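See below for coords_31.tsv, which holds TSV, C-alpha atoms.
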chain	number	residue	atom	x	y	z
A	1	MET	CA	0.00	0.00	0.00
A	2	LYS	CA	1.63	3.24	-1.08
A	3	PHE	CA	0.67	6.88	-0.53
A	4	GLY	CA	1.88	9.74	-2.71
A	5	VAL	CA	1.95	13.35	-1.50
A	6	VAL	CA	1.96	15.78	-4.42
A	7	VAL	CA	4.35	18.71	-4.09
A	8	PHE	CA	3.56	21.86	-6.08
A	9	PRO	CA	5.81	24.91	-5.91
A	10	GLY	CA	4.37	26.64	-2.85
A	11	SER	CA	2.89	23.58	-1.13
A	12	ASN	CA	3.68	23.88	2.57
A	13	CYS	CA	1.77	21.08	4.29
A	14	ASP	CA	3.41	18.34	2.23
A	15	ILE	CA	5.88	17.53	5.01
A	16	ASP	CA	3.07	17.36	7.59
A	17	CYS	CA	1.11	14.91	5.39
A	18	TYR	CA	4.24	12.83	4.81
A	19	ASN	CA	4.92	12.80	8.55
A	20	ALA	CA	1.32	11.84	9.35
A	21	LEU	CA	1.34	8.88	6.97
A	22	ARG	CA	4.91	7.65	7.25
A	23	ASP	CA	5.98	8.44	10.79
A	24	VAL	CA	2.68	8.33	12.68
A	25	LEU	CA	0.82	5.64	10.74
A	26	ASP	CA	3.84	3.72	9.40
A	27	GLN	CA	2.74	3.77	5.76
A	28	ASP	CA	4.92	3.57	2.66
A	29	THR	CA	4.81	7.21	1.50
A	30	GLU	CA	6.59	9.23	-1.18
A	31	TYR	CA	6.63	12.82	-2.32
A	32	ILE	CA	5.46	13.35	-5.91
A	33	TRP	CA	6.93	16.38	-7.69
A	34	HIS	CA	4.26	18.18	-9.70
A	35	ARG	CA	6.02	17.37	-12.99
A	36	THR	CA	5.68	13.63	-12.43
A	37	LYS	CA	3.85	11.91	-15.26
A	38	ASN	CA	3.24	8.49	-13.77
A	39	LEU	CA	1.18	7.70	-10.69
A	40	GLY	CA	0.88	3.99	-11.48
A	41	SER	CA	2.52	2.74	-8.31
A	42	TYR	CA	0.33	4.61	-5.82
A	43	ASP	CA	-2.82	3.52	-4.01
A	44	CYS	CA	-3.82	6.93	-2.66
A	45	ILE	CA	-2.87	10.48	-3.66
A	46	VAL	CA	-2.77	13.40	-1.22
A	47	LEU	CA	-2.96	17.00	-2.47
A	48	PRO	CA	-1.60	18.95	0.49
A	49	GLY	CA	-2.28	22.46	1.75
A	50	GLY	CA	-0.21	25.55	1.18
A	51	PHE	CA	-0.06	28.24	-1.47
A	52	SER	CA	0.62	26.45	-4.74
A	53	TYR	CA	1.99	29.00	-7.22
A	54	GLY	CA	1.55	31.66	-4.56
A	55	SER	CA	-2.23	31.24	-4.90
A	56	TYR	CA	-1.90	33.77	-7.74
A	57	LEU	CA	-5.06	34.35	-9.77
A	58	ARG	CA	-7.12	32.13	-7.41
A	59	GLY	CA	-6.13	29.43	-4.91
A	60	GLY	CA	-5.40	26.25	-6.88
A	61	ALA	CA	-6.06	27.87	-10.27
A	62	ILE	CA	-2.54	27.55	-11.64
A	63	ALA	CA	-1.79	24.21	-9.98
A	64	LYS	CA	-4.64	22.68	-11.95
A	65	VAL	CA	-2.57	22.98	-15.13
A	66	SER	CA	0.50	21.31	-13.60
A	67	PRO	CA	1.53	18.17	-15.53
A	68	VAL	CA	0.68	15.89	-12.61
A	69	MET	CA	-2.97	16.95	-12.64
A	70	ASP	CA	-3.76	15.10	-15.90
A	71	ARG	CA	-2.46	11.99	-14.15
A	72	VAL	CA	-4.52	12.80	-11.05
A	73	VAL	CA	-7.65	12.98	-13.22
A	74	GLU	CA	-6.86	9.50	-14.60
A	75	PHE	CA	-6.15	8.27	-11.07
A	76	VAL	CA	-9.56	9.56	-9.97
A	77	GLU	CA	-11.25	7.91	-12.96
A	78	SER	CA	-9.61	4.61	-12.02
A	79	GLY	CA	-11.57	4.80	-8.76
A	80	LYS	CA	-8.62	5.08	-6.37
A	81	PRO	CA	-8.88	7.48	-3.42
A	82	VAL	CA	-7.63	11.08	-3.58
A	83	ILE	CA	-7.76	13.52	-0.68
A	84	GLY	CA	-7.22	17.26	-1.09
A	85	ILE	CA	-6.66	19.31	2.05
A	86	SER	CA	-7.10	23.10	2.14
A	87	ASN	CA	-5.18	24.34	-0.91
A	88	GLY	CA	-5.42	20.75	-2.18
A	89	PHE	CA	-9.23	21.09	-1.93
A	90	GLN	CA	-8.98	24.35	-3.90
A	91	VAL	CA	-6.96	22.55	-6.60
A	92	LEU	CA	-9.68	19.87	-6.80
A	93	VAL	CA	-12.50	22.39	-7.29
A	94	GLU	CA	-10.50	24.48	-9.75
A	95	SER	CA	-9.79	21.39	-11.83
A	96	GLY	CA	-13.47	20.46	-11.80
A	97	ILE	CA	-12.88	17.13	-10.01
A	98	LEU	CA	-15.04	18.42	-7.14
A	99	PRO	CA	-17.98	20.81	-7.49
A	100	GLY	CA	-18.03	24.38	-6.17
A	101	ALA	CA	-15.58	27.25	-5.78
A	102	PHE	CA	-13.90	29.25	-3.03
A	103	LEU	CA	-14.41	32.89	-2.11
A	104	ARG	CA	-12.54	35.11	0.32
A	105	ASN	CA	-13.45	34.38	3.96
A	106	ASN	CA	-16.49	36.51	4.71
A	107	ASN	CA	-14.70	38.31	7.57
A	108	MET	CA	-11.72	38.98	5.24
A	109	LYS	CA	-9.27	37.48	7.74
A	110	PHE	CA	-6.87	34.61	7.39
A	111	ILE	CA	-8.10	32.22	10.08
A	112	CYS	CA	-5.80	29.76	11.85
A	113	GLU	CA	-7.59	28.01	14.71
A	114	ASN	CA	-9.12	24.78	15.89
A	115	VAL	CA	-12.69	24.23	14.74
A	116	TYR	CA	-15.27	21.50	15.20
A	117	ILE	CA	-16.66	19.63	12.23
A	118	ARG	CA	-19.49	17.12	12.11
A	119	THR	CA	-19.15	14.03	9.98
A	120	GLU	CA	-22.17	14.07	7.67
A	121	SER	CA	-21.31	10.99	5.66
A	122	ILE	CA	-19.53	7.92	6.97
A	123	SER	CA	-19.96	5.95	3.77
A	124	THR	CA	-16.71	7.16	2.19
A	125	PRO	CA	-13.17	5.76	2.04
A	126	PHE	CA	-12.15	8.71	4.24
A	127	THR	CA	-14.70	8.46	7.05
A	128	ASN	CA	-15.52	4.76	7.32
A	129	LEU	CA	-14.04	4.53	10.82
A	130	CYS	CA	-16.03	7.55	12.05
A	131	GLY	CA	-19.19	7.17	14.04
A	132	LYS	CA	-22.39	8.59	12.58
A	133	GLY	CA	-22.33	12.34	13.16
A	134	GLN	CA	-18.94	12.12	14.87
A	135	ILE	CA	-17.57	15.51	15.88
A	136	LEU	CA	-13.91	16.12	15.13
A	137	ARG	CA	-11.72	18.95	16.38
A	138	ILE	CA	-9.33	19.86	13.59
A	139	PRO	CA	-7.50	23.11	12.80
A	140	ILE	CA	-8.19	25.29	9.79
A	141	ALA	CA	-5.71	27.73	8.26
A	142	HIS	CA	-7.04	29.62	5.27
A	143	GLY	CA	-7.98	33.02	3.88
A	144	ASP	CA	-10.05	31.77	0.95
A	145	GLY	CA	-12.12	28.98	2.44
A	146	ASN	CA	-15.59	30.33	1.89
A	147	TYR	CA	-17.13	27.42	-0.02
A	148	TYR	CA	-19.72	28.28	-2.64
A	149	VAL	CA	-21.75	26.14	-4.98
A	150	GLY	CA	-24.82	26.87	-7.12
A	151	ASP	CA	-28.28	25.86	-5.87
A	152	GLU	CA	-28.87	23.08	-8.39
A	153	THR	CA	-25.48	21.51	-7.88
A	154	LEU	CA	-25.92	21.72	-4.11
A	155	LYS	CA	-29.23	19.91	-4.36
A	156	ARG	CA	-27.65	17.14	-6.41
A	157	MET	CA	-24.77	16.90	-3.94
A	158	GLU	CA	-27.18	16.54	-1.02
A	159	GLU	CA	-29.14	13.85	-2.84
A	160	ASN	CA	-25.90	11.96	-3.54
A	161	ASN	CA	-24.67	12.30	0.05
A	162	GLN	CA	-21.62	14.32	-1.08
A	163	ILE	CA	-21.46	16.71	1.89
A	164	VAL	CA	-18.95	14.97	4.14
A	165	PHE	CA	-18.20	17.58	6.84
A	166	ARG	CA	-19.95	20.67	8.21
A	167	TYR	CA	-18.54	23.24	10.63
A	168	CYS	CA	-20.39	22.94	13.92
A	169	ALA	CA	-20.39	23.97	17.55
A	170	ARG	CA	-18.64	21.83	20.15
A	171	ASP	CA	-21.87	19.90	20.73
A	172	GLY	CA	-22.30	19.21	17.03
A	173	GLU	CA	-24.99	21.75	16.29
A	174	VAL	CA	-24.51	23.41	12.90
A	175	THR	CA	-24.88	27.13	13.61
A	176	ASP	CA	-23.95	30.43	11.98
A	177	ALA	CA	-21.66	31.19	14.92
A	178	SER	CA	-19.67	28.02	14.27
A	179	ASN	CA	-19.16	28.85	10.59
A	180	PRO	CA	-15.66	30.37	10.49
A	181	ASP	CA	-15.54	31.69	6.96
A	182	GLY	CA	-19.06	32.02	5.54
A	183	SER	CA	-19.06	28.67	3.73
A	184	LEU	CA	-22.45	27.85	2.23
A	185	GLN	CA	-24.43	25.70	4.69
A	186	ASN	CA	-21.31	25.38	6.88
A	187	ILE	CA	-19.73	23.03	4.34
A	188	ALA	CA	-16.20	22.04	5.37
A	189	GLY	CA	-15.67	18.98	3.17
A	190	VAL	CA	-17.25	17.37	0.13
A	191	CYS	CA	-16.70	14.31	-2.03
A	192	ASN	CA	-17.30	13.60	-5.69
A	193	ARG	CA	-20.32	11.68	-6.91
A	194	GLU	CA	-18.40	8.41	-6.97
A	195	GLY	CA	-17.13	9.02	-3.43
A	196	ASN	CA	-13.43	8.35	-4.09
A	197	VAL	CA	-12.32	12.01	-3.90
A	198	LEU	CA	-12.56	14.07	-0.72
A	199	GLY	CA	-11.79	17.76	-0.38
A	200	MET	CA	-11.70	19.31	3.09
A	201	MET	CA	-10.55	22.68	4.38
A	202	PRO	CA	-9.53	21.56	7.91
A	203	HIS	CA	-6.06	20.01	8.25
A	204	PRO	CA	-6.23	16.46	9.69
A	205	GLU	CA	-2.47	16.04	9.21
A	206	ARG	CA	-1.93	18.73	11.85
A	207	CYS	CA	-3.62	16.79	14.64
A	208	MET	CA	-2.28	13.27	14.55
A	209	GLU	CA	-0.63	13.00	17.96
A	210	GLU	CA	-1.39	14.09	21.52
A	211	ILE	CA	1.74	16.25	21.54
A	212	LEU	CA	-0.11	18.40	18.99
A	213	GLU	CA	-3.07	18.76	21.36
A	214	GLY	CA	-5.30	16.32	19.62
A	215	ARG	CA	-5.34	13.44	17.25
A	216	ASP	CA	-8.80	13.66	15.70
A	217	GLY	CA	-7.20	13.93	12.26
A	218	ALA	CA	-5.89	10.37	12.45
A	219	VAL	CA	-9.32	8.81	11.91
A	220	ILE	CA	-9.38	10.21	8.35
A	221	PHE	CA	-6.09	8.63	7.32
A	222	LYS	CA	-6.84	5.44	9.25
A	223	SER	CA	-10.14	5.22	7.36
A	224	ILE	CA	-8.23	5.40	4.06
A	225	ILE	CA	-5.89	2.62	5.20
A	226	ASN	CA	-8.88	0.55	6.32
A	227	TYR	CA	-10.51	1.11	2.93
A	228	LEU	CA	-7.36	0.15	1.03
A	229	LYS	CA	-7.05	-3.01	3.12
A	230	GLY	CA	-10.52	-3.97	1.94
A	231	GLY	CA	-12.41	-2.78	4.99
A	232	ALA	CA	-16.09	-2.17	4.50
A	233	VAL	CA	-17.38	1.27	3.59
A	234	ASN	CA	-20.51	1.97	5.64
A	235	GLY	CA	-23.88	2.42	4.01
B	1	MET	CA	-0.36	41.96	-32.96
B	2	PHE	CA	-3.16	42.29	-30.47
B	3	TYR	CA	-3.55	43.47	-26.96
B	4	ALA	CA	-6.33	42.00	-24.81
B	5	LYS	CA	-7.69	43.51	-21.64
B	6	VAL	CA	-9.63	40.92	-19.66
B	7	TYR	CA	-11.93	42.12	-16.87
B	8	ILE	CA	-12.98	39.58	-14.27
B	9	THR	CA	-15.68	40.33	-11.72
B	10	LEU	CA	-17.59	38.32	-9.15
B	11	LYS	CA	-21.07	37.39	-10.33
B	12	LYS	CA	-23.71	39.85	-9.20
B	13	SER	CA	-25.32	37.20	-6.99
B	14	ILE	CA	-22.12	36.71	-4.98
B	15	ALA	CA	-21.17	38.83	-1.99
B	16	ASP	CA	-17.90	40.72	-2.35
B	17	PRO	CA	-16.33	41.34	1.08
B	18	GLN	CA	-13.36	43.22	-0.39
B	19	GLY	CA	-15.60	45.55	-2.36
B	20	ASN	CA	-17.64	46.08	0.76
B	21	ALA	CA	-14.54	47.01	2.79
B	22	ILE	CA	-13.55	49.52	0.11
B	23	LYS	CA	-17.05	50.98	0.15
B	24	GLU	CA	-16.92	51.40	3.92
B	25	ALA	CA	-13.53	53.11	3.62
B	26	LEU	CA	-14.83	55.52	0.98
B	27	LEU	CA	-17.84	56.34	3.14
B	28	SER	CA	-15.58	56.90	6.14
B	29	MET	CA	-13.66	59.41	3.96
B	30	GLU	CA	-16.97	61.18	3.53
B	31	TYR	CA	-17.43	60.32	-0.15
B	32	ASP	CA	-21.19	60.47	0.26
B	33	GLY	CA	-23.40	58.66	-2.16
B	34	VAL	CA	-21.14	55.65	-2.70
B	35	LYS	CA	-23.85	53.02	-3.07
B	36	ASP	CA	-21.87	49.93	-3.93
B	37	VAL	CA	-18.29	48.86	-4.72
B	38	ARG	CA	-17.34	45.65	-6.48
B	39	MET	CA	-13.73	44.64	-6.86
B	40	GLY	CA	-12.41	42.61	-9.77
B	41	LYS	CA	-9.25	41.85	-11.72
B	42	LEU	CA	-7.74	43.26	-14.88
B	43	ILE	CA	-5.46	40.98	-16.88
B	44	GLU	CA	-3.55	42.40	-19.86
B	45	ILE	CA	-2.31	40.01	-22.52
B	46	LYS	CA	-0.17	40.68	-25.60
B	47	LEU	CA	-0.93	38.25	-28.41
B	48	ALA	CA	0.95	37.47	-31.61
B	49	ASP	CA	-2.24	36.38	-33.41
B	50	LYS	CA	-2.73	37.40	-37.05
B	51	SER	CA	-6.44	38.26	-36.93
B	52	SER	CA	-8.66	39.77	-34.27
B	53	LYS	CA	-11.09	36.88	-34.72
B	54	GLU	CA	-8.38	34.37	-33.92
B	55	ALA	CA	-7.21	36.47	-30.95
B	56	GLU	CA	-10.73	36.74	-29.59
B	57	LYS	CA	-11.35	33.00	-29.87
B	58	ARG	CA	-8.18	32.28	-27.92
B	59	VAL	CA	-8.87	34.91	-25.25
B	60	LYS	CA	-12.34	33.47	-24.69
B	61	ASP	CA	-10.78	30.03	-24.35
B	62	MET	CA	-8.23	31.35	-21.85
B	63	CYS	CA	-11.02	32.89	-19.78
B	64	ASP	CA	-13.06	29.70	-19.73
B	65	THR	CA	-10.14	27.41	-18.91
B	66	LEU	CA	-7.98	29.47	-16.56
B	67	LEU	CA	-8.45	33.21	-16.16
B	68	ALA	CA	-11.97	33.16	-14.71
B	69	ASN	CA	-13.74	30.62	-12.54
B	70	THR	CA	-17.20	30.72	-14.09
B	71	VAL	CA	-18.79	29.17	-11.01
B	72	ILE	CA	-18.31	32.51	-9.24
B	73	GLU	CA	-16.99	34.98	-11.80
B	74	ASP	CA	-18.05	36.74	-15.00
B	75	TYR	CA	-15.63	38.08	-17.56
B	76	THR	CA	-15.52	40.57	-20.42
B	77	TYR	CA	-12.65	41.61	-22.63
B	78	ASP	CA	-11.52	44.26	-25.09
B	79	ILE	CA	-9.15	43.35	-27.89
B	80	LEU	CA	-7.13	46.10	-29.57
B	81	GLU	CA	-4.82	45.84	-32.54
B	82	VAL	CA	-1.41	47.30	-31.75
B	83	GLN	CA	1.90	47.77	-33.60
B	84	PRO	CA	4.44	45.07	-32.76
With the file now loaded, output its structure as structure tokens.
Amino acid sequence: MKFGVVVFPGSNCDIDCYNALRDVLDQDTEYIWHRTKNLGSYDCIVLPGGFSYGSYLRGGAIAKVSPVMDRVVEFVESGKPVIGISNGFQVLVESGILPGAFLRNNNMKFICENVYIRTESISTPFTNLCGKGQILRIPIAHGDGNYYVGDETLKRMEENNQIVFRYCARDGEVTDASNPDGSLQNIAGVCNREGNVLGMMPHPERCMEEILEGRDGAVIFKSIINYLKGGAVNG
Amino acid sequence: MFYAKVYITLKKSIADPQGNAIKEALLSMEYDGVKDVRMGKLIEIKLADKSSKEAEKRVKDMCDTLLANTVIEDYTYDILEVQP
């Protein structure tokens, strides 16, 4: 089982993702330079956070035309799991692999803090070890995390169970006060129709060990490992 | 040779927090009557195309594939012929 962490110029959470998978969870993991043209040997691809290409034009807009992204599209079509975190999520929406788009945070601030998210779907390769409605405490760090999607697409996404995480209060209630950035319907993470691609703004790789004041992020990566080992996906 | 000016703006239906901050600043400077401010981007492109039709087709393509995100943004452009 092999994980690949894509490195774009300007990625800055690649080392955290590598550390989470290799050092904390003992998985075979490699960095993938964005010019790589072959992803054949990998079982899961991680698009990490950061500021690919300086987030010029729009977050993720220039990374989507990196050579590796054509291979990522093929990887997605082959049905293997791909997770995009923060800027990685932006790359996935810009490339059209996931629906929606990102706007500036509605309070115009870059926000770096722990937030609570509620697991809305546990029938994905990324959440199969979560309990129904499980609340996770995971940090966010973004200035353009205000998720937007058109009404019709949103309706389709809800019907297909594609909303995976919502920002919530500590007790799990989804409220305006617990929405850090103005994201539509408190959306913090979504998957594609087929369910093998997850994009999420919070950074699970930053809370993998108690020394980092929490390890709620580990359940996401452990779910992927469980899925790759043939573990059941709920629902 | 052609010179394209591409204007990218947030769709009318989408809130623009930056524009709003600018509006508040203008009002605080006592520029009364500022009703609304929307902020966008201007991208200038020099093109070696031979005809304006060809240049326009390519600029439209660039907008749809990279320059604008049509989920949230609208675009317009002007294309001018210039001496090389």
>> At a cut-off of 12 Å, using only C-alpha atoms, what residues contact stretch 54-71 of chain B? Leave out same-chain residues fewer than 4 positions from it and give the result as a ChimeraX atom specification.
In response: /A:56-65,90,93-96,99-103,147-151,153 /B:1-14,40-50,75-81
>> For A:Pro180, find every residue with an atom within 9 Å (counting only C-alpha atoms), except residues of its own chain fewer than 6 positions away, and show them as a PyMOL selection string.
In response: chain A and resi 105-107+111+115+145-146+167+186
> Taking into account only C-alpha atoms, which residue in the set A:Thr119, A:Asn19, A:Asn192, A:Ser11 is nearest to A:Arg156?
Replying inline: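 When distances to A:Arg156 are compared using only C-alpha atoms, the smallest one comes from A:Asn192.
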> How far is it from atom CA of A:Cys17 to atom CA of A:Val5, in Å with one decimal?
Replying inline: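 Answer for the atom CA of A:Cys17 to atom CA of A:Val5 separation: 7.1 Å.
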> From the list B:Gln83, B:Gln18, B:Ser28, B:Ser51, which residue is nearest chain A when using all atoms listed in the file?
Replying inline: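 Checking each candidate against chain A, we get B:Gln18 as the closest.
One distance worth recording is that between atom CA of A:Arg71 and atom CA of A:Phe89, which is 16.7 Å.
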> Within 6 Å of stretch 41-49 of chain A, counting only C-alpha atoms, which residues qualify if same-chain residues fewer than 4 places away don't, as a ChimeraX atom specification?
Replying inline: /A:2-6,13-14,81-88
